[in-house]
$ cat run_30.txt   # compact mmCIF, C-alpha atoms
# COMPACT_ATOMS: atom_id res chain seq x y z
CA MET B 1 -138.63 191.44 29.55
CA LYS B 2 -140.73 189.09 31.67
CA GLU B 3 -144.30 190.13 32.36
CA ASN B 4 -144.81 191.83 35.71
CA VAL B 5 -147.67 189.73 37.01
CA LEU B 6 -148.67 192.10 39.82
CA ASN B 7 -147.78 195.46 38.26
CA THR B 8 -145.30 195.93 41.10
CA ASP B 9 -143.23 199.05 40.42
CA LEU B 10 -139.64 198.78 41.67
CA THR B 11 -138.34 201.67 39.56
CA GLY B 12 -135.35 203.27 41.23
CA LYS B 13 -134.87 200.36 43.65
CA VAL B 14 -131.65 198.40 43.94
CA ALA B 15 -132.23 194.67 44.41
CA VAL B 16 -129.53 192.22 45.47
CA VAL B 17 -130.02 188.51 44.82
CA THR B 18 -127.63 185.90 46.19
CA GLY B 19 -127.39 182.52 44.49
CA ALA B 20 -128.40 184.32 41.31
CA GLY B 21 -126.58 181.87 39.06
CA GLY B 22 -129.16 179.20 39.87
CA VAL B 23 -132.49 178.37 38.24
CA LEU B 24 -134.85 179.95 40.76
CA CYS B 25 -132.81 182.98 41.77
CA SER B 26 -131.95 183.91 38.20
CA ALA B 27 -135.71 183.90 37.54
CA PHE B 28 -136.21 186.17 40.56
CA SER B 29 -133.54 188.50 39.22
CA LYS B 30 -135.30 188.75 35.89
CA VAL B 31 -138.71 189.48 37.39
CA LEU B 32 -137.22 192.19 39.62
CA ALA B 33 -135.57 193.79 36.61
CA ALA B 34 -138.87 193.63 34.73
CA ALA B 35 -140.44 195.55 37.61
CA GLY B 36 -137.85 198.30 37.14
CA ALA B 37 -135.21 197.44 39.74
CA LYS B 38 -131.49 197.64 39.16
CA VAL B 39 -130.36 194.12 40.02
CA ALA B 40 -127.08 192.90 41.48
CA LEU B 41 -126.69 189.18 40.78
CA LEU B 42 -124.37 187.57 43.34
CA ASP B 43 -123.00 184.06 43.01
CA LEU B 44 -119.81 182.17 43.79
CA ASN B 45 -119.94 181.19 40.10
CA GLU B 46 -119.59 184.66 38.58
CA GLU B 47 -119.80 183.25 35.04
CA ALA B 48 -123.27 181.86 35.72
CA ALA B 49 -124.41 185.15 37.26
CA GLN B 50 -122.93 187.10 34.35
CA LYS B 51 -124.89 185.02 31.86
CA PHE B 52 -128.18 186.03 33.45
CA ALA B 53 -127.08 189.63 33.94
CA ASP B 54 -126.30 189.80 30.22
CA GLU B 55 -129.76 188.43 29.42
CA ILE B 56 -131.41 191.08 31.62
CA ASN B 57 -129.38 193.87 30.04
CA ALA B 58 -130.14 192.58 26.55
CA GLU B 59 -133.85 192.80 27.35
CA GLY B 60 -133.59 196.41 28.44
CA GLY B 61 -133.06 195.97 32.16
CA THR B 62 -130.16 196.99 34.38
CA ALA B 63 -128.07 194.27 35.99
CA LYS B 64 -124.52 193.59 37.13
CA ALA B 65 -122.94 190.30 38.17
CA TYR B 66 -120.69 189.94 41.19
CA CYS B 67 -118.62 187.04 42.49
CA CYS B 68 -119.46 186.60 46.16
CA ASN B 69 -118.76 183.88 48.70
CA VAL B 70 -121.71 184.20 51.08
CA LEU B 71 -119.78 182.23 53.73
CA LYS B 72 -117.12 184.96 54.07
CA LYS B 73 -118.12 188.11 55.94
CA GLU B 74 -115.36 190.21 54.41
CA ASP B 75 -116.35 189.10 50.91
CA CYS B 76 -119.99 190.05 51.48
CA ALA B 77 -118.95 193.44 52.88
CA ALA B 78 -116.66 194.16 49.93
CA VAL B 79 -119.36 193.27 47.40
CA ALA B 80 -121.89 195.39 49.30
CA ASP B 81 -119.57 198.38 48.97
CA ARG B 82 -119.18 197.74 45.24
CA VAL B 83 -122.93 197.43 44.70
CA ALA B 84 -123.57 200.68 46.58
CA ALA B 85 -120.94 202.48 44.51
CA GLU B 86 -122.02 201.08 41.14
CA LEU B 87 -125.81 200.72 41.47
CA GLY B 88 -126.73 202.51 44.70
CA PRO B 89 -127.60 201.39 48.24
CA CYS B 90 -129.56 198.17 48.57
CA ASP B 91 -133.35 198.44 48.92
CA ILE B 92 -134.22 194.75 48.46
CA LEU B 93 -132.22 191.69 49.45
CA ILE B 94 -133.22 188.20 48.35
CA ASN B 95 -131.16 185.61 50.22
CA GLY B 96 -131.30 182.82 47.66
CA ALA B 97 -127.95 181.10 48.22
CA GLY B 98 -128.35 177.66 49.74
CA GLY B 99 -128.50 173.98 48.96
CA ASN B 100 -127.82 170.44 50.11
CA ASN B 101 -124.77 168.17 49.94
CA PRO B 102 -124.51 164.39 49.34
CA ARG B 103 -122.31 164.03 52.42
CA ALA B 104 -125.29 165.11 54.55
CA THR B 105 -127.79 162.76 52.87
CA THR B 106 -128.63 159.19 53.83
CA ASP B 107 -129.00 156.50 51.18
CA LYS B 108 -132.25 155.14 52.57
CA GLU B 109 -135.40 156.65 54.03
CA TYR B 110 -135.61 154.19 56.95
CA PHE B 111 -132.85 152.66 59.02
CA GLU B 112 -132.94 148.87 59.07
CA ILE B 113 -131.09 146.21 61.00
CA GLY B 114 -128.02 145.29 59.01
CA ASP B 115 -127.37 148.75 57.58
CA LEU B 116 -124.41 149.25 59.91
CA ASP B 117 -122.66 146.26 58.35
CA SER B 118 -123.44 147.18 54.75
CA GLU B 119 -122.20 149.72 52.24
CA THR B 120 -125.35 151.78 52.86
CA LYS B 121 -124.69 155.34 54.03
CA SER B 122 -126.92 155.51 57.09
CA PHE B 123 -127.54 158.20 59.66
CA PHE B 124 -124.48 156.97 61.53
CA ASP B 125 -122.28 157.59 58.49
CA LEU B 126 -123.23 161.22 57.88
CA ASP B 127 -120.11 163.34 57.51
CA PRO B 128 -119.93 166.08 60.19
CA ASP B 129 -118.16 168.38 57.72
CA GLY B 130 -120.91 167.76 55.17
CA VAL B 131 -123.62 168.51 57.71
CA GLY B 132 -121.76 171.64 58.80
CA PHE B 133 -121.38 172.76 55.20
CA VAL B 134 -125.15 172.49 54.61
CA PHE B 135 -125.98 174.42 57.78
CA ASN B 136 -123.41 177.09 57.00
CA LEU B 137 -124.43 177.48 53.36
CA ASN B 138 -128.08 177.97 54.24
CA PHE B 139 -127.97 179.77 57.60
CA LEU B 140 -124.67 181.67 57.57
CA GLY B 141 -125.20 182.18 53.83
CA THR B 142 -128.30 184.16 54.79
CA LEU B 143 -126.98 185.86 57.93
CA LEU B 144 -123.75 187.25 56.45
CA PRO B 145 -125.27 188.90 53.34
CA THR B 146 -127.99 190.34 55.59
CA GLN B 147 -125.31 191.90 57.80
CA ALA B 148 -123.62 193.35 54.74
CA PHE B 149 -126.68 194.79 52.99
CA ALA B 150 -129.25 195.52 55.71
CA CYS B 151 -127.06 198.31 57.09
CA GLN B 152 -127.63 200.12 53.78
CA MET B 153 -131.40 199.93 54.34
CA ILE B 154 -131.54 201.60 57.77
CA GLY B 155 -133.36 204.94 57.70
CA ARG B 156 -134.68 204.49 54.17
CA LYS B 157 -138.31 203.78 53.29
CA GLY B 158 -139.55 200.72 51.44
CA CYS B 159 -136.64 198.39 52.16
CA ASN B 160 -137.16 194.71 52.76
CA ILE B 161 -135.52 191.30 52.88
CA LEU B 162 -136.84 188.07 51.42
CA ASN B 163 -135.39 184.75 52.57
CA ILE B 164 -135.84 181.37 50.90
CA SER B 165 -137.11 178.69 53.25
CA SER B 166 -138.65 175.38 52.18
CA MET B 167 -141.52 173.03 52.93
CA ASN B 168 -138.80 170.95 54.62
CA ALA B 169 -138.90 173.56 57.36
CA PHE B 170 -142.51 172.63 58.21
CA THR B 171 -142.17 168.85 57.91
CA PRO B 172 -138.70 167.29 57.47
CA LEU B 173 -138.23 165.08 54.45
CA THR B 174 -136.54 161.72 54.68
CA LYS B 175 -132.86 161.35 53.71
CA ILE B 176 -131.94 165.05 54.05
CA PRO B 177 -131.82 165.87 57.78
CA ALA B 178 -129.25 168.67 57.53
CA TYR B 179 -131.07 170.51 54.75
CA SER B 180 -134.43 170.19 56.52
CA GLY B 181 -132.94 171.46 59.76
CA ALA B 182 -131.14 174.32 58.04
CA LYS B 183 -134.32 175.50 56.33
CA ALA B 184 -136.18 175.33 59.64
CA ALA B 185 -133.48 177.66 60.94
CA ILE B 186 -134.14 180.04 58.02
CA SER B 187 -137.85 180.23 58.89
CA ASN B 188 -137.02 180.94 62.52
CA PHE B 189 -134.37 183.49 61.54
CA THR B 190 -136.86 185.23 59.26
CA GLN B 191 -139.19 185.78 62.19
CA TRP B 192 -136.29 186.90 64.40
CA LEU B 193 -135.10 189.44 61.82
CA ALA B 194 -138.63 190.72 61.28
CA VAL B 195 -138.90 191.58 64.96
CA HIS B 196 -135.32 192.87 65.23
CA PHE B 197 -135.67 195.31 62.32
CA SER B 198 -139.31 196.29 62.93
CA LYS B 199 -138.42 199.61 64.58
CA VAL B 200 -136.30 200.78 61.65
CA GLY B 201 -138.84 199.98 58.95
CA ILE B 202 -137.22 196.95 57.32
CA ARG B 203 -139.72 194.19 56.53
CA VAL B 204 -138.45 190.59 56.48
CA ASN B 205 -140.40 187.68 55.01
CA ALA B 206 -139.72 184.34 53.36
CA ILE B 207 -141.20 182.02 50.79
CA ALA B 208 -141.25 178.26 51.31
CA PRO B 209 -141.26 176.52 47.94
CA GLY B 210 -142.60 172.99 47.73
CA PHE B 211 -141.21 170.70 45.07
CA PHE B 212 -139.51 172.28 42.09
CA SER B 213 -137.22 170.28 39.84
CA THR B 214 -133.82 172.01 39.74
CA LYS B 215 -130.18 171.08 39.24
CA GLN B 216 -129.83 170.94 43.02
CA ASN B 217 -132.27 168.06 43.50
CA ALA B 218 -132.07 166.41 40.07
CA LYS B 219 -130.30 163.26 41.31
CA LEU B 220 -133.02 162.69 43.92
CA LEU B 221 -135.85 163.15 41.44
CA TRP B 222 -134.63 161.68 38.14
CA ASN B 223 -132.72 158.58 37.08
CA ASP B 224 -129.76 158.88 34.73
CA ASP B 225 -132.00 157.87 31.82
CA GLY B 226 -134.45 160.69 32.60
CA THR B 227 -137.18 158.54 34.12
CA PRO B 228 -138.65 159.59 37.49
CA THR B 229 -137.24 158.04 40.64
CA ALA B 230 -139.41 156.33 43.22
CA ARG B 231 -139.02 159.47 45.34
CA THR B 232 -140.59 161.55 42.56
CA GLY B 233 -143.55 159.19 42.53
CA LYS B 234 -144.03 159.65 46.26
CA ILE B 235 -143.73 163.44 45.99
CA LEU B 236 -146.30 163.74 43.25
CA ALA B 237 -148.66 161.37 45.06
CA ALA B 238 -148.45 163.65 48.12
CA THR B 239 -148.96 166.85 46.12
CA PRO B 240 -152.67 167.38 45.43
CA MET B 241 -151.93 169.31 42.24
CA GLY B 242 -149.97 166.26 41.02
CA ARG B 243 -146.95 168.00 39.52
CA PHE B 244 -143.76 169.89 40.29
CA GLY B 245 -143.91 173.66 40.50
CA GLU B 246 -142.53 175.93 37.78
CA SER B 247 -140.13 178.72 38.74
CA SER B 248 -142.53 181.25 37.25
CA GLU B 249 -145.09 180.22 39.87
CA LEU B 250 -142.93 181.74 42.60
CA GLU B 251 -142.80 185.15 40.96
CA GLY B 252 -146.20 186.40 42.09
CA ALA B 253 -145.41 185.65 45.73
CA VAL B 254 -142.02 187.35 45.45
CA LEU B 255 -143.49 190.49 43.89
CA PHE B 256 -146.34 190.58 46.40
CA LEU B 257 -144.09 190.38 49.45
CA LEU B 258 -141.74 193.03 48.02
CA ASN B 259 -144.61 195.37 47.10
CA GLU B 260 -144.81 198.17 49.65
CA LYS B 261 -148.38 199.06 48.72
CA ALA B 262 -149.70 195.49 48.81
CA ALA B 263 -147.69 194.07 51.71
CA SER B 264 -146.64 197.05 53.83
CA PHE B 265 -148.03 195.50 57.04
CA ILE B 266 -146.69 192.01 56.38
CA THR B 267 -143.48 190.98 58.11
CA GLY B 268 -142.27 187.75 59.69
CA VAL B 269 -144.33 185.59 57.31
CA VAL B 270 -143.14 182.32 55.73
CA LEU B 271 -145.40 181.74 52.72
CA PRO B 272 -145.80 178.14 51.45
CA ILE B 273 -145.94 177.69 47.68
CA ASP B 274 -146.40 173.96 47.40
CA GLY B 275 -149.33 172.82 45.27
CA GLY B 276 -151.22 171.76 48.37
CA PHE B 277 -148.47 169.51 49.80
CA SER B 278 -148.74 170.96 53.33
CA ALA B 279 -152.55 170.63 53.34
CA TYR B 280 -152.68 166.94 52.37
CA SER B 281 -152.61 164.24 55.04
CA GLY B 282 -152.14 161.44 52.53
CA VAL B 283 -155.66 160.12 53.08

$ encode --input "run_30.txt" --output "structure tokens"
Amino acid sequence: MKENVLNTDLTGKVAVVTGAGGVLCSAFSKVLAAAGAKVALLDLNEEAAQKFADEINAEGGTAKAYCCNVLKKEDCAAVADRVAAELGPCDILINGAGGNNPRATTDKEYFEIGDLDSETKSFFDLDPDGVGFVFNLNFLGTLLPTQAFACQMIGRKGCNILNISSMNAFTPLTKIPAYSGAKAAISNFTQWLAVHFSKVGIRVNAIAPGFFSTKQNAKLLWNDDGTPTARTGKILAATPMGRFGESSELEGAVLFLLNEKAASFITGVVLPIDGGFSAYSGV
């Protein structure tokens, strides 16, 4: 099992992680299991979630994989019922499902005269369905699982929700307006939920990762031959620590915010984990 970096004890807790078939959320699932939680790994790609559930179980943890479309309320509700029946009511929800889409991404960072008459996909060519998909995947993909699982938390001590925002929410990045806007919505929604659930004892926080190289952003960061793109050069130049983050470097923040002893009075916080990106003016 992975080392529990903060000695956070989640024994007896049931943790639900959406998007658990991905790089970051599968890592979160493993660290929660290492802390003693029974983990439900939810993903539209059940095979990917099952792979990581099998790894957790092989290492002595307790995990089950579930196919879940976080954009369908009835699907989330049905999976929530199954999790409660098979593992117990949810104590911890990590809303990790999200992502971008090429249809909501411009080809260039700056619009230039002549782009309208070229093959360049400019702001004016963004696909409304693509933009809607990105907003729905990130915002509705957080709201609907929260509706399904937060009702299991009411009246029970030590329950909390962790959302996944982004440094895009603080300062929008070029080329990805829909994703930046959607993550800004997640930060705002985190604060809204924290207030809304404050009288029933449910804490709600978020982490805002900086730049981590994952399958989701690989085409923006790396050329087909494996060399870094110009965008990667700009990112690393603007990150004082001069490198991408490793998924393991999110684990301490996750465990801290979920730890009832360490963070019991913390709610409505969006914690940057960015290697200094947000602190650097570029000069």

$ residues_around --input "run_30.txt" --residues "Val204 in chain B" --least-positions-apart "4" --cutoff "7 Å" --atoms "all atoms listed in the file" --output "ChimeraX atom specification"
/B:160-162,190,193-194,267-268

$ residues_around --input "run_30.txt" --residues "Glu86 in chain B" --least-positions-apart "2" --cutoff "12 Å" --atoms "all atoms listed in the file" --output "number ranges by chain"
B: 14, 38-40, 62-66, 79-84, 88-90

$ write_last_selection --input "run_30.txt" --atoms "C-alpha atoms" --output "PDB file, keeping the file's coordinate frame"
ATOM      1  CA  VAL B  14    -131.650 198.400  43.940  1.00  0.00           C
ATOM      2  CA  LYS B  38    -131.490 197.640  39.160  1.00  0.00           C
ATOM      3  CA  VAL B  39    -130.360 194.120  40.020  1.00  0.00           C
ATOM      4  CA  ALA B  40    -127.080 192.900  41.480  1.00  0.00           C
ATOM      5  CA  THR B  62    -130.160 196.990  34.380  1.00  0.00           C
ATOM      6  CA  ALA B  63    -128.070 194.270  35.990  1.00  0.00           C
ATOM      7  CA  LYS B  64    -124.520 193.590  37.130  1.00  0.00           C
ATOM      8  CA  ALA B  65    -122.940 190.300  38.170  1.00  0.00           C
ATOM      9  CA  TYR B  66    -120.690 189.940  41.190  1.00  0.00           C
ATOM     10  CA  VAL B  79    -119.360 193.270  47.400  1.00  0.00           C
ATOM     11  CA  ALA B  80    -121.890 195.390  49.300  1.00  0.00           C
ATOM     12  CA  ASP B  81    -119.570 198.380  48.970  1.00  0.00           C
ATOM     13  CA  ARG B  82    -119.180 197.740  45.240  1.00  0.00           C
ATOM     14  CA  VAL B  83    -122.930 197.430  44.700  1.00  0.00           C
ATOM     15  CA  ALA B  84    -123.570 200.680  46.580  1.00  0.00           C
ATOM     16  CA  GLY B  88    -126.730 202.510  44.700  1.00  0.00           C
ATOM     17  CA  PRO B  89    -127.600 201.390  48.240  1.00  0.00           C
ATOM     18  CA  CYS B  90    -129.560 198.170  48.570  1.00  0.00           C
TER      19      CYS B  90
END

$ closest_residue --input "run_30.txt" --among "B:Thr120, B:Thr105, B:Gln147, B:Gln191" --to "Asp75 in chain B" --atoms "all atoms listed in the file"
B:Gln147

$ residues_around --input "run_30.txt" --residues "range 130-132 of chain B" --least-positions-apart "4" --cutoff "7 Å" --atoms "all atoms listed in the file" --output "VMD selection string"
chain B and resid 101 103 to 104 136 178

$ closest_residue --input "run_30.txt" --among "B:Asn205, B:Asn259, B:Lys51, B:Leu236" --to "Trp192 in chain B" --atoms "all atoms listed in the file"
B:Asn205

$ closest_residue --input "run_30.txt" --among "B:Leu42, B:Ala184, B:Cys159, B:Leu24" --to "Leu258 in chain B" --atoms "all atoms listed in the file"
B:Cys159

$ atom_distance --input "run_30.txt" --atom1 "CA of Gly19 in chain B" --atom2 "CA of Ala238 in chain B"
28.5 Å

$ atom_distance --input "run_30.txt" --atom1 "CA of Ile207 in chain B" --atom2 "CA of Gln50 in chain B"
25.1 Å

$ atom_distance --input "run_30.txt" --atom1 "CA of Ala206 in chain B" --atom2 "CA of Asn163 in chain B"
4.4 Å

$ closest_residue --input "run_30.txt" --among "B:Gly61, B:Gly98, B:Pro145, B:Gly21" --to "Cys76 in chain B" --atoms "all atoms listed in the file"
B:Pro145

$ residues_near_point --input "run_30.txt" --point "(-148.4, 168.5, 59.5)" --cutoff "12 Å" --atoms "all atoms listed in the file" --output "list in words"
Met167, Asn168, Ala169, Phe170, Thr171, Pro172, Leu173, Gly276, Phe277, Ser278, Ala279, Tyr280, Ser281 and Gly282 of chain B

$ residues_near_point --input "run_30.txt" --point "(-132.8, 189.3, 49.3)" --cutoff "7 Å" --atoms "only C-alpha atoms" --output "ChimeraX atom specification"
/B:16-18,92-96,161-163

$ closest_atom_pairs --input "run_30.txt" --of "range 75-159 of chain B" --to "range 220-234 of chain B" --cutoff "12 Å" --atoms "all atoms listed in the file" --output "CSV"
residue,atom,partner,partner_atom,distance
B:Asn100,CA,B:Leu220,CA,11.2
B:Asn101,CA,B:Leu220,CA,11.6
B:Pro102,CA,B:Leu220,CA,10.2
B:Thr105,CA,B:Leu220,CA,10.4
B:Thr106,CA,B:Leu220,CA,11.4
B:Asp107,CA,B:Leu220,CA,10.4
B:Lys108,CA,B:Arg231,CA,10.8
B:Glu109,CA,B:Arg231,CA,9.8

$ residues_around --input "run_30.txt" --residues "Ile154 in chain B" --least-positions-apart "2" --cutoff "9 Å" --atoms "all atoms listed in the file" --output "list of chain:residue names"
B:Ala150, B:Cys151, B:Gln152, B:Arg156, B:Lys157, B:Cys159, B:Phe197, B:Val200, B:Gly201, B:Ile202

$ residues_around --input "run_30.txt" --residues "Gly99 in chain B" --least-positions-apart "2" --cutoff "9 Å" --atoms "only C-alpha atoms" --output "ChimeraX atom specification"
/B:97,101,134,137-138,179,216-217

$ closest_residue --input "run_30.txt" --among "B:Arg203, B:Lys183, B:Lys73, B:Lys121" --to "Met153 in chain B" --atoms "all atoms listed in the file"
B:Arg203
